[in-house]
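*Asks:* For reference, the structure I am asking about is given below.
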Amino acid sequence: MILGFGPIVTPKTIVKHGVENCKKLGQNFINFVGPFPQYVTGDPDIVKDILMSKLCIHKDYLTYGGLRHALGEGLLTIQGKDWQHLRKQMDPGFKFSKVLGFLPVFNRRMSGFFEELDGCHAMKDSYRILTFCREYTIGITCETMLGLDLDKSTIDIKHYANFIASMMEYISDVTFTVYYQSKFILKLADLTIYKQHRKELQFLRSVINDAFTYHSTKSGTLPEYVNTVEHIVARHVIEAKENNKIDADLALSNTMHLFGAAFETTSSTLYFAILMLALYPEYQEKAYAEILQMFPENDSGGFEITYNHISQLTYLDMFIKETLRVFPTVPLFSRRVIGGDLRLSNGVVIPEGQEVVINTFNLHRNKDVWGPQADTFNPDNFLPTNAEKRHPYAFVPFAKGLRFCIGLRYAELTQRVAIAKIIKRYKFSTTAKIEDLELQNHISMQLGKYPPITVERRAFPK
Ligand code: HEM
């Protein structure tokens with residue numbers, strides 16, 4: 001193993017620096033954030049050692065302090081035993097059978113996305129598509145988590161999505177700015193440059209609080225609250241609160257975590273999938289052919305997708321996995337070793353208290369695993385014959401092991417419903433090239449510039 005020292009990074013440079021360090025130093029190296037060392041890995045054996053170890057269920061303040069500062073404590077940041085307790089309270093809300101109950105919402109809310117995208121044709125800057133993906137995501141999140149139908153409420157979905165996007169940008173700023181490690185400077189920044197962000201956060205909290213109040217008191221029948229969505233996630237939070245399993249502050253801040261986690265990741269994945277359709281016409285046509293065969297009617301994406309359909313859309317599944325491989329929406333995440341020293345399978349001993357970082361971006365493009373074409377987008381990487389030979393920790397877009405993403409099933413179903421419908425209705429093209437994309441990490445993967453994309457409504461084949 002080779003060790004080296006990396007420079008201080010920013011959201012704009014972090015992905016690039018990770019790649020450069022990996023080229024110079026190999027898949028395991030030591031990076032410094034200011035004076036703080038991090039052991040960084042993109043090696044599947046080491047990723048497995050970390051994600052399977054009971055010593056690695058803690059989160060490091062350095063990486064997660066921004067999230068905790070903005071949102072309070074919640075599943076994404078909470079430590080050790082408290083995490084085990086909270087996860088146990090939240091797991092039932094994300095059981096597969098429950099999440100399946102959300103499929104009608106995932107289907108229905110695509111009509112808003114269609115209305116927006118129908119008005120677009122040649123876009124010089126495809127950031128607008130990302131905003132439509134965000135609005136779709138926030139619509140389903142509010143309905144399935146809070147039972148709140150934004151279309152029937154006085155809240156403007158565009159403003160709401162913007163608030164959450166700016167909340168994530170605030171978290172990213174706080175996370176990546178080393179001098180915000182000083183509480184005094186951070187407080188000063190909150191009172192000045194982030195004053196508006198703090199106000200918006202208050203508004204987001206109040207929306208969640210109102211939903212809690214409505215669902216606990218069941219007072220009146222407010223039209224914006226839908227009771228057709230069974231087992232919305234908030235019910236589990238409210239129940240845990242009522243049974244004194246979690247306190248009121250944690251219930252609220254944890255729901256903010258669920259919102260943040262669902263919002264950025266889901267909308268970015270949808271955006272990147274659309275960009276890949278545009279970049280690779282032959283894969284786009286293959287995915288279209290599969291969907292057309294399953295839904296031959298001239299319905300422009302108006303069909304209802306069930307789980308039965310999803311399980312048969314195998315090319316779509318490969319396409320989405322490949323999108324998450326090449327553009328993992330969480331390109332880095334980390335753990336702090338607590339409870340003893342961690343002995344890795346390469347013989348390195350990580351001392352207690354040390355931060356370890358999974359560089360998912362490097363892992364997903366690791367040539368030892370994915371071959372010389374690791375940087376090339378090719379859904380065939382996920383053909384069963386290719387996937388079954390591969391290291392089980394070579395692909396971890398949702399993390400894996402003890403502290404994997406609680407929203408995994410939720411995200412998988414959303415993406416498949418949304419992208420299948422989009423492929424049936426539109427054809428995308430672009431003049432951009434994959435190698436020209438400027439990748440940044442603002443907590444989730446984003447682009448420096450959003451390339452041009454042309455959108456055409458598909459004509460129904462005769
Ligand atoms: C494409 C979609 C998604 C991706 C790629 C993704 C990825 C991830 C990753 C890599 C982690 C581990 C992060 C870490 O340890 O710091 C994580 C954790 C988490 N995710 Fe997701 N996620 C997605 C969607 C969602 C959704 C839809 C929700 C909620 C509905 C969600 C809620 C969470 C929560 C609460 C955690 C923390 C879990 C814990 O520590 O127990 N995620 N996700």
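Labels for the structure tokens follow display order: chains A, B, ..., residues from 1 in each chain, ligands from 1.
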Among region 42-190 of chain A, which ones does DSSP assign to helix (DSSP H, G or I) (computed from the backbone)? Answer as a ChimeraX atom specification.
*Replies:* /A:44-52,54-56,61-71,80-94,96-100,103-108,110-118,127-146,150-152,157-176,178-181,183-190
*Asks:* Could you list, as a ChimeraX atom specification, all protein and nucleic acid residues with an atom at most 6 Å from ligand 1, counting only C-alpha atoms and all ligand atoms?
*Replies:* /A:75-76,87,258,261-262,265-266,269,329-330,333-334,397-399,403-408,410-411
*Asks:* Between A:Val226, A:Val369, A:Ala374, A:Ile338, which one has atoms that come closest to Ala394 (chain A), using only C-alpha atoms?
*Replies:*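 Going through A:Val226, A:Val369, A:Ala374, A:Ile338 one by one, the smallest distance to Ala394 (chain A) is for A:Val369.
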*Asks:* Give me, as a PyMOL selection string, all polymer residues having an atom no more than 9 Å from region 295-311 of chain A, counting only C-alpha atoms and skipping those fewer than 6 positions away in the same chain.
*Replies:* chain A and resi 100+103-104+107-108+110-111+114+317+413+416-417+420-426+457-461
*Asks:* I need the residues from that last selection saved to file as a tab-separated table (two decimals), in the first residue's frame (with N, CA, C and O atoms), if you can.
*Replies:*
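Everything below was put into selection.tsv:
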chain	number	residue	atom	x	y	z
A	100	LEU	N	-43.89	-0.32	-1.28
A	100	LEU	CA	-44.70	-0.70	-2.45
A	100	LEU	C	-46.01	0.08	-2.49
A	100	LEU	O	-46.52	0.40	-3.57
A	103	LEU	N	-46.18	3.24	-4.63
A	103	LEU	CA	-46.05	3.21	-6.11
A	103	LEU	C	-47.08	4.09	-6.83
A	103	LEU	O	-46.71	4.80	-7.78
A	104	PRO	N	-48.36	4.07	-6.40
A	104	PRO	CA	-49.32	4.95	-7.10
A	104	PRO	C	-48.92	6.42	-7.04
A	104	PRO	O	-49.13	7.16	-8.00
A	107	ASN	N	-46.12	7.07	-9.52
A	107	ASN	CA	-46.69	7.10	-10.88
A	107	ASN	C	-47.41	8.42	-11.13
A	107	ASN	O	-47.13	9.12	-12.10
A	108	ARG	N	-48.35	8.73	-10.25
A	108	ARG	CA	-49.24	9.88	-10.49
A	108	ARG	C	-48.47	11.19	-10.58
A	108	ARG	O	-48.75	12.03	-11.42
A	110	MET	N	-45.75	11.95	-11.75
A	110	MET	CA	-44.97	12.22	-12.96
A	110	MET	C	-45.71	13.17	-13.90
A	110	MET	O	-45.10	13.76	-14.79
A	111	SER	N	-47.04	13.33	-13.70
A	111	SER	CA	-47.76	14.21	-14.63
A	111	SER	C	-47.24	15.66	-14.50
A	111	SER	O	-47.18	16.39	-15.50
A	114	PHE	N	-44.11	15.93	-16.51
A	114	PHE	CA	-44.43	15.99	-17.96
A	114	PHE	C	-44.87	17.39	-18.37
A	114	PHE	O	-44.45	17.90	-19.40
A	317	ASP	N	-33.15	-1.61	-15.51
A	317	ASP	CA	-32.44	-1.85	-14.26
A	317	ASP	C	-30.92	-1.70	-14.48
A	317	ASP	O	-30.23	-1.02	-13.71
A	413	LEU	N	-37.46	2.08	-6.44
A	413	LEU	CA	-38.78	2.08	-7.09
A	413	LEU	C	-39.06	3.43	-7.76
A	413	LEU	O	-39.53	3.49	-8.90
A	416	ARG	N	-37.15	3.79	-11.07
A	416	ARG	CA	-37.63	2.94	-12.17
A	416	ARG	C	-38.95	3.45	-12.74
A	416	ARG	O	-39.16	3.47	-13.94
A	417	VAL	N	-39.86	3.87	-11.85
A	417	VAL	CA	-41.14	4.42	-12.33
A	417	VAL	C	-40.87	5.67	-13.17
A	417	VAL	O	-41.33	5.80	-14.31
A	420	ALA	N	-38.76	5.03	-16.54
A	420	ALA	CA	-39.53	4.28	-17.56
A	420	ALA	C	-40.52	5.22	-18.25
A	420	ALA	O	-40.67	5.22	-19.48
A	421	LYS	N	-41.21	6.04	-17.47
A	421	LYS	CA	-42.21	6.93	-18.05
A	421	LYS	C	-41.55	8.00	-18.94
A	421	LYS	O	-42.06	8.35	-19.99
A	422	ILE	N	-40.42	8.49	-18.47
A	422	ILE	CA	-39.71	9.53	-19.24
A	422	ILE	C	-39.26	8.96	-20.59
A	422	ILE	O	-39.39	9.60	-21.64
A	423	ILE	N	-38.72	7.73	-20.55
A	423	ILE	CA	-38.20	7.12	-21.80
A	423	ILE	C	-39.33	6.91	-22.80
A	423	ILE	O	-39.16	7.09	-24.01
A	424	LYS	N	-40.52	6.54	-22.29
A	424	LYS	CA	-41.64	6.29	-23.22
A	424	LYS	C	-42.09	7.59	-23.89
A	424	LYS	O	-42.52	7.60	-25.04
A	425	ARG	N	-42.00	8.68	-23.19
A	425	ARG	CA	-42.58	9.93	-23.71
A	425	ARG	C	-41.59	10.78	-24.51
A	425	ARG	O	-41.99	11.48	-25.44
A	426	TYR	N	-40.31	10.73	-24.16
A	426	TYR	CA	-39.35	11.67	-24.78
A	426	TYR	C	-38.14	10.96	-25.38
A	426	TYR	O	-37.77	9.87	-24.97
A	457	ARG	N	-40.76	15.19	-28.01
A	457	ARG	CA	-41.82	14.23	-27.68
A	457	ARG	C	-41.75	13.11	-28.71
A	457	ARG	O	-41.61	13.36	-29.91
A	458	ARG	N	-41.82	11.87	-28.30
A	458	ARG	CA	-41.74	10.76	-29.25
A	458	ARG	C	-43.03	10.62	-30.04
A	458	ARG	O	-44.12	10.75	-29.47
A	459	ALA	N	-42.86	10.34	-31.33
A	459	ALA	CA	-44.04	10.02	-32.15
A	459	ALA	C	-44.32	8.55	-31.92
A	459	ALA	O	-43.39	7.75	-31.77
A	460	PHE	N	-45.60	8.18	-31.88
A	460	PHE	CA	-45.91	6.77	-31.63
A	460	PHE	C	-45.61	5.95	-32.88
A	460	PHE	O	-46.01	6.33	-33.98
A	461	PRO	N	-44.87	4.81	-32.75
A	461	PRO	CA	-44.53	4.04	-33.95
A	461	PRO	C	-45.77	3.46	-34.61
A	461	PRO	O	-46.66	2.97	-33.93
*Asks:* Taking only C-alpha atoms into account, which of A:Ser182, A:Gln89, A:Gln312, A:Ser172 comes nearest Ile238 (chain A)?
*Replies:*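 Answer, going by the shortest atom-to-atom distance: A:Gln89.
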*Asks:* For region 93-197 of chain A versus region 44-67 of chain A, which residues have an atom no more than 8 Å away, and what is each residue's nearest atom pair and distance in Å rounded to one decimal, using only C-alpha atoms, chain-then-number order, as JSON lines?
*Replies:*
{"residue": "A:Ile171", "atom": "CA", "partner": "A:Gly66", "partner_atom": "CA", "distance": 5.2}
{"residue": "A:Ser172", "atom": "CA", "partner": "A:Gly66", "partner_atom": "CA", "distance": 7.0}
{"residue": "A:Asp173", "atom": "CA", "partner": "A:Gly66", "partner_atom": "CA", "distance": 7.9}
{"residue": "A:Val174", "atom": "CA", "partner": "A:Gly66", "partner_atom": "CA", "distance": 5.0}
{"residue": "A:Thr175", "atom": "CA", "partner": "A:Gly66", "partner_atom": "CA", "distance": 4.5}
*Asks:* Could those residues be written to a file, using all heavy atoms, as a PDB file, in the first residue's frame?
*Replies:*
ATOM      1  N   ILE A 171     -25.510  23.416   3.737  1.00  0.00           N
ATOM      2  CA  ILE A 171     -24.838  22.294   4.420  1.00  0.00           C
ATOM      3  C   ILE A 171     -23.486  22.008   3.753  1.00  0.00           C
ATOM      4  O   ILE A 171     -22.477  21.795   4.412  1.00  0.00           O
ATOM      5  CB  ILE A 171     -25.725  21.022   4.399  1.00  0.00           C
ATOM      6  CG1 ILE A 171     -26.997  21.266   5.219  1.00  0.00           C
ATOM      7  CG2 ILE A 171     -24.964  19.810   4.927  1.00  0.00           C
ATOM      8  CD1 ILE A 171     -28.040  20.186   5.083  1.00  0.00           C
ATOM      9  N   SER A 172     -23.476  22.053   2.429  1.00  0.00           N
ATOM     10  CA  SER A 172     -22.246  21.788   1.696  1.00  0.00           C
ATOM     11  C   SER A 172     -21.188  22.847   2.037  1.00  0.00           C
ATOM     12  O   SER A 172     -20.029  22.521   2.310  1.00  0.00           O
ATOM     13  CB  SER A 172     -22.562  21.768   0.195  1.00  0.00           C
ATOM     14  OG  SER A 172     -21.418  21.862  -0.562  1.00  0.00           O
ATOM     15  N   ASP A 173     -21.588  24.129   2.062  1.00  0.00           N
ATOM     16  CA  ASP A 173     -20.658  25.215   2.404  1.00  0.00           C
ATOM     17  C   ASP A 173     -20.056  24.995   3.788  1.00  0.00           C
ATOM     18  O   ASP A 173     -18.844  25.102   3.969  1.00  0.00           O
ATOM     19  CB  ASP A 173     -21.416  26.551   2.476  1.00  0.00           C
ATOM     20  CG  ASP A 173     -21.454  27.250   1.146  1.00  0.00           C
ATOM     21  OD1 ASP A 173     -21.115  26.603   0.140  1.00  0.00           O
ATOM     22  OD2 ASP A 173     -21.839  28.433   1.122  1.00  0.00           O
ATOM     23  N   VAL A 174     -20.941  24.702   4.754  1.00  0.00           N
ATOM     24  CA  VAL A 174     -20.467  24.551   6.134  1.00  0.00           C
ATOM     25  C   VAL A 174     -19.526  23.344   6.229  1.00  0.00           C
ATOM     26  O   VAL A 174     -18.497  23.393   6.895  1.00  0.00           O
ATOM     27  CB  VAL A 174     -21.661  24.404   7.112  1.00  0.00           C
ATOM     28  CG1 VAL A 174     -21.168  24.128   8.528  1.00  0.00           C
ATOM     29  CG2 VAL A 174     -22.510  25.670   7.107  1.00  0.00           C
ATOM     30  N   THR A 175     -19.853  22.285   5.521  1.00  0.00           N
ATOM     31  CA  THR A 175     -19.036  21.067   5.579  1.00  0.00           C
ATOM     32  C   THR A 175     -17.641  21.306   5.013  1.00  0.00           C
ATOM     33  O   THR A 175     -16.654  20.842   5.556  1.00  0.00           O
ATOM     34  CB  THR A 175     -19.716  19.930   4.773  1.00  0.00           C
ATOM     35  OG1 THR A 175     -21.026  19.763   5.292  1.00  0.00           O
ATOM     36  CG2 THR A 175     -18.956  18.620   4.864  1.00  0.00           C
TER      37      THR A 175
END
*Asks:* How many Å separate CA of Arg198 (chain A) from CA of Ala70 (chain A)?
*Replies:*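 One can read the CA of Arg198 (chain A) to CA of Ala70 (chain A) distance as 8.1 Å.
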*Asks:* Find, counting only C-alpha atoms, the residue in A:His257, A:Arg365, A:Arg335, A:Lys158 that gets nearest to Gly353 (chain A).
*Replies:*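 Answer, going by the shortest atom-to-atom distance: A:Arg335.
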*Asks:* Any chance you could tabulate, as CSV, the residues of region 240-358 of chain A at most 12 Å from region 429-441 of chain A with each one's nearest atom pair and distance in Å to one decimal, using only C-alpha atoms, in chain and rising number order?
*Replies:*
residue,atom,partner,partner_atom,distance
A:Glu264,CA,A:Asn441,CA,11.4
A:Thr265,CA,A:Asn441,CA,11.8
A:Ser268,CA,A:Asn441,CA,11.5
A:Phe272,CA,A:Ile434,CA,11.0
A:Ile274,CA,A:Ser429,CA,9.4
A:Leu275,CA,A:Thr430,CA,8.1
A:Met276,CA,A:Ile434,CA,8.6
A:Leu277,CA,A:Ser429,CA,7.4
A:Ala278,CA,A:Ser429,CA,4.0
A:Leu279,CA,A:Thr430,CA,6.0
A:Tyr280,CA,A:Ser429,CA,8.2
A:Pro281,CA,A:Ser429,CA,7.3
A:Glu282,CA,A:Ser429,CA,11.1
A:Tyr283,CA,A:Ser429,CA,12.0
A:Gln284,CA,A:Ser429,CA,9.7
A:Glu285,CA,A:Ser429,CA,11.6
A:Thr323,CA,A:Ile434,CA,11.9
A:Val326,CA,A:Ile434,CA,10.2
A:Phe327,CA,A:Leu439,CA,8.8
A:Pro328,CA,A:Asn441,CA,10.3
A:Thr329,CA,A:Asn441,CA,8.6
A:Val330,CA,A:Asn441,CA,8.1
A:Pro331,CA,A:Asn441,CA,7.1
A:Leu332,CA,A:Asn441,CA,8.4
A:Phe333,CA,A:Asn441,CA,11.1
*Asks:* I need the residues in region 206-390 of chain A that are strand (DSSP E) according to DSSP; give them as a PyMOL selection string.
*Replies:* chain A and resi 332-336+342-343+349-350+355-359
*Asks:* Taking 4 positions as the minimum chain separation for residues in the same chain, which residues sit within 12 Å of Asp210 (chain A) when counting only C-alpha atoms? Answer as a list in words.
*Replies:*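 Counting only the stated atoms, we get Leu146, Gly147, Leu148, Phe203, Leu204, Arg205, Ser206, Tyr214, His215, Ser216, Thr217, Lys218, Ser219, Leu222, Glu224, Tyr225, Ala234 and Leu252 of chain A.
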*Asks:* May I have the selected residues written with C-alpha atoms, as a PDB file, in the first residue's frame?
*Replies:*
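And here's again_31.pdb as it stands now:
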ATOM      1  CA  LEU A 146     -45.831  13.591   5.541  1.00  0.00           C
ATOM      2  CA  GLY A 147     -49.099  12.738   3.780  1.00  0.00           C
ATOM      3  CA  LEU A 148     -49.014  16.285   2.409  1.00  0.00           C
ATOM      4  CA  PHE A 203     -40.038  27.305   7.254  1.00  0.00           C
ATOM      5  CA  LEU A 204     -39.164  23.694   6.301  1.00  0.00           C
ATOM      6  CA  ARG A 205     -39.341  22.704   9.968  1.00  0.00           C
ATOM      7  CA  SER A 206     -42.716  24.374  10.361  1.00  0.00           C
ATOM      8  CA  TYR A 214     -52.286  17.116  11.936  1.00  0.00           C
ATOM      9  CA  HIS A 215     -51.501  13.393  12.014  1.00  0.00           C
ATOM     10  CA  SER A 216     -51.353  13.169  15.805  1.00  0.00           C
ATOM     11  CA  THR A 217     -54.529  15.094  16.542  1.00  0.00           C
ATOM     12  CA  LYS A 218     -56.481  14.061  13.413  1.00  0.00           C
ATOM     13  CA  SER A 219     -58.357  17.290  13.997  1.00  0.00           C
ATOM     14  CA  LEU A 222     -57.591  19.452   5.862  1.00  0.00           C
ATOM     15  CA  GLU A 224     -53.927  19.130   1.672  1.00  0.00           C
ATOM     16  CA  TYR A 225     -53.396  16.044   3.818  1.00  0.00           C
ATOM     17  CA  ALA A 234     -44.286  10.311   9.532  1.00  0.00           C
ATOM     18  CA  LEU A 252     -38.404  16.764  13.823  1.00  0.00           C
TER      19      LEU A 252
END
*Asks:* Could you tell me how far CA of Pro451 (chain A) sits from CA of Pro379 (chain A), in Å to one decimal place?
*Replies:*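 Taking CA of Pro379 (chain A) and CA of Pro451 (chain A), their separation equals 21.6 Å.
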*Asks:* By how many Å are CA of Gly340 (chain A) and CA of Lys81 (chain A) apart?
*Replies:*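 We find that CA of Gly340 (chain A) and CA of Lys81 (chain A) lie 15.5 Å from each other.
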*Asks:* Using only C-alpha atoms, determine which residues lie at most 10 Å from region 9-11 of chain A, disregarding the query and same-chain residues fewer than 4 positions distant; provide the list as a list in words.
*Replies:*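 Here the qualifying residues turn out to be Val15, Lys16, His17, Gly18, Asn31, Phe32, Val33, Gly34, Ser172, Asp173, Thr175, Phe176, Thr177, Val178, Leu439, Gln440, Asn441, His442, Ile443, Ser444, Met445, Gln446 and Gly448 of chain A.
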